[in-house]
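Undergrad: Next up is a structure, given as structure tokens.
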Amino acid sequence: MKNLCAALLKYKARYSVTTIIIFMLVAHASAARKPYLRPGNIINIPSIGLKMKMPKYAKANPAKSLTIKTLTRRKGSKVDKIDACQLEELWQRDQLCGSYGNTNFMVSVYEMRLIAPDKVKSIFKRPGTTFVLKTIYEEWQQAQQAVVWDEKKMRSWLRFLLTESSNAELKFTLKNFSSAATIYEIKLNNKLIYIVTSKTAPVRHLVIRFKLLPLLDYKKSLRAIKSCLSSIKFNVPEKLNKNTKKLTISSKKIIQKKDWSPQYIASRKRVINNIKNLEDWWYLETENFIIVANIENRKTIKELQGGLEKSRNVFTQIYPVKAPLQAVSVVKAFETRQEYIAYVGKQYEWTGGLWVAAKKELTVSPMNFGSERKQREAMVNVIQHEGFHQYIYFATGEQHTAVWFNEGNATFFEGIDYKGKNSFIKDTKRLTRVAALLESADINRLLSMSHREFYGINKNQNYTLAYGLMFFLHKGSRIMSKKYQNNYEKIPTKYYQAILKNRNAKQATKIAWQGVDMKKFNKAFNKFWSKKSLIKKAIRYKLLKKISTK
């Protein structure tokens, strides 16, 4: 407002005082006006027989994958891996029927099926979060009987959903919003929860939760919520066939793997169940992936599928997998940028894709620039980068590798390209930026850098330097004269072999770089990146033909 006033007064000779005042009043009114929810289209959740309006611009959101912490347990000389999950996520996942919204609001629909899991034994706790063994939770779940819901059980259920203390007052207010449903409203600290039951078949209890960002006009949004709830209608629930969500884009039949582990099958089943109620979402099975998406463009789907499988083939040539993978490689792709941001959260809105090891899924966003072809190319580059993070995590037995190795390879593999059945690795736009960093480049610091340091204020320079290092190790060092060679090209493989054996990221770095004279290395590194003729020669070097596929 202050800036606008200054700008108008600057041109007071061109405007009358009255005009300036009108401009100021309009600007003030616009600044004071807050957006609010409006009623939108009807959605259908067939598994619970529910139809209702959702707020305008709401998009179906797939359920978020579980946060899993893999712990190790020693019994003598034997080391077992166990999965610890967030109790709240496990419990909500088993009752969540659908989520709809965008970056400003979210509406979640649950069916009350399980009592509050207060008696499930925990492994450890953090503020607001309880971690339990997945197997212990599943034993508890299977032991549960059909629940006869009374007010006490409902209050306990709601407190667990809202992570509120048992002392919090939950006031139930009957609302006459619908002719088809009995609706109770619960307000707590600006949280809006509605318990909904059918007037003709009040056995099943649904819970509809509205989460609104503070930027929305609360009072006006309540009108839209009332309109949505008044539209509720019930049908007979349908048993959904998982194959109705399955997409095929090729005449080639996918052959089911004979060596799928029980863990692999279970993770695959969870992925498919997460989208069963979402009308626009489908899944596509490939040899190594399950792609879950609501993308409509078949050409984009085909290129994503091809990019994932071809890049996985390149990864396995350079870093061969030593044991069958225990989890399905999940890729979640979104039709719009807004849906992606709503799913990953505001803290990751700068990303075009994301691999989250704790959730064991790779997410991909559409791009909002360029032609359709350029957008598809950008998405494929993202899955090649993030796909390496995903692959190396599983290939190393779910280990977190050193950031120089992980991000160096990921940026290097952005250059994967294909001609027919042949793959090669070309240079990327990062290549032209490396030379500018030579004066300040500190390879020793990069090798010891933590993830927090790497992704800090200088993350762009760190990405570029990590790319420059890996490009030099994989290609540049191979074309240097003998004077500047010292088996540098073996360092990435030595790191990979070391972490497979020792399962320690820092120790693997020491082993990989053991015996390397860093003064001589830096001299060779700087010489390479300061000579255009060497860089051009390295670009032409065909890396994949020099690596055994055995």
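Identifiers for the structure tokens are assigned positionally: chains receive A, B, ... in sequence, residues are indexed from 1 per chain, and ligands are indexed from 1 in the order shown.
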Using the chain letters and numbers from this document, which residues of segment 165-361 of chain A does DSSP assign to helix (DSSP H, G or I), as a ChimeraX atom specification?
TA: /A:218-230,242-245,262-273,298-318,337-344,346-348
Undergrad: Pick out each residue of segment 228-342 of chain A that DSSP on the backbone tags as strand (DSSP E); I need them as number ranges by chain.
TA: A: 233-234, 282-285, 289-293, 329-333
Undergrad: So how far away is atom CA of Tyr100 of chain A from atom CA of Trp281 of chain A, in Å?
TA: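 Going from atom CA of Trp281 of chain A over to atom CA of Tyr100 of chain A, I get 12.6 Å.
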Undergrad: Would you list the contacts of Ile42 of chain A as a ChimeraX atom specification, taking every protein, DNA or RNA residue within 10 Å and counting only C-alpha atoms, but skipping same-chain residues closer than 2 positions in sequence?
TA: /A:39-40,44,51-56,228,231-232
Undergrad: Give me the residues near Ile208 of chain A as a ChimeraX atom specification, where near means some atom within 9 Å (using only C-alpha atoms) and where sequence neighbours in that chain fewer than 4 positions away do not count.
TA: /A:107-111,192-196
Undergrad: What does the distance from atom CA of Pro35 of chain A to atom CA of Lys191 of chain A come to in Å, to one decimal?
TA: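 Atom-to-atom, atom CA of Pro35 of chain A to atom CA of Lys191 of chain A, that is 18.2 Å.
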Undergrad: Go ahead and compute the interatomic distance for atom CA of Glu151 of chain A and atom CA of Arg113 of chain A, in Å to one decimal.
TA: 14.7 Å
Undergrad: As a PyMOL selection string, please: the residues near segment 472-481 of chain A (cut-off 8 Å, only C-alpha atoms, same-chain neighbours under 4 positions excluded).
TA: chain A and resi 468+485+488-492+525+528+534-535+537-539+541+543
Undergrad: When you count only C-alpha atoms, which of these residues is closest to Phe405 of chain A: A:Ser365, A:Gln384, A:Thr509, A:Ser198?
TA: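 The answer is A:Thr509, which sits nearest to Phe405 of chain A.
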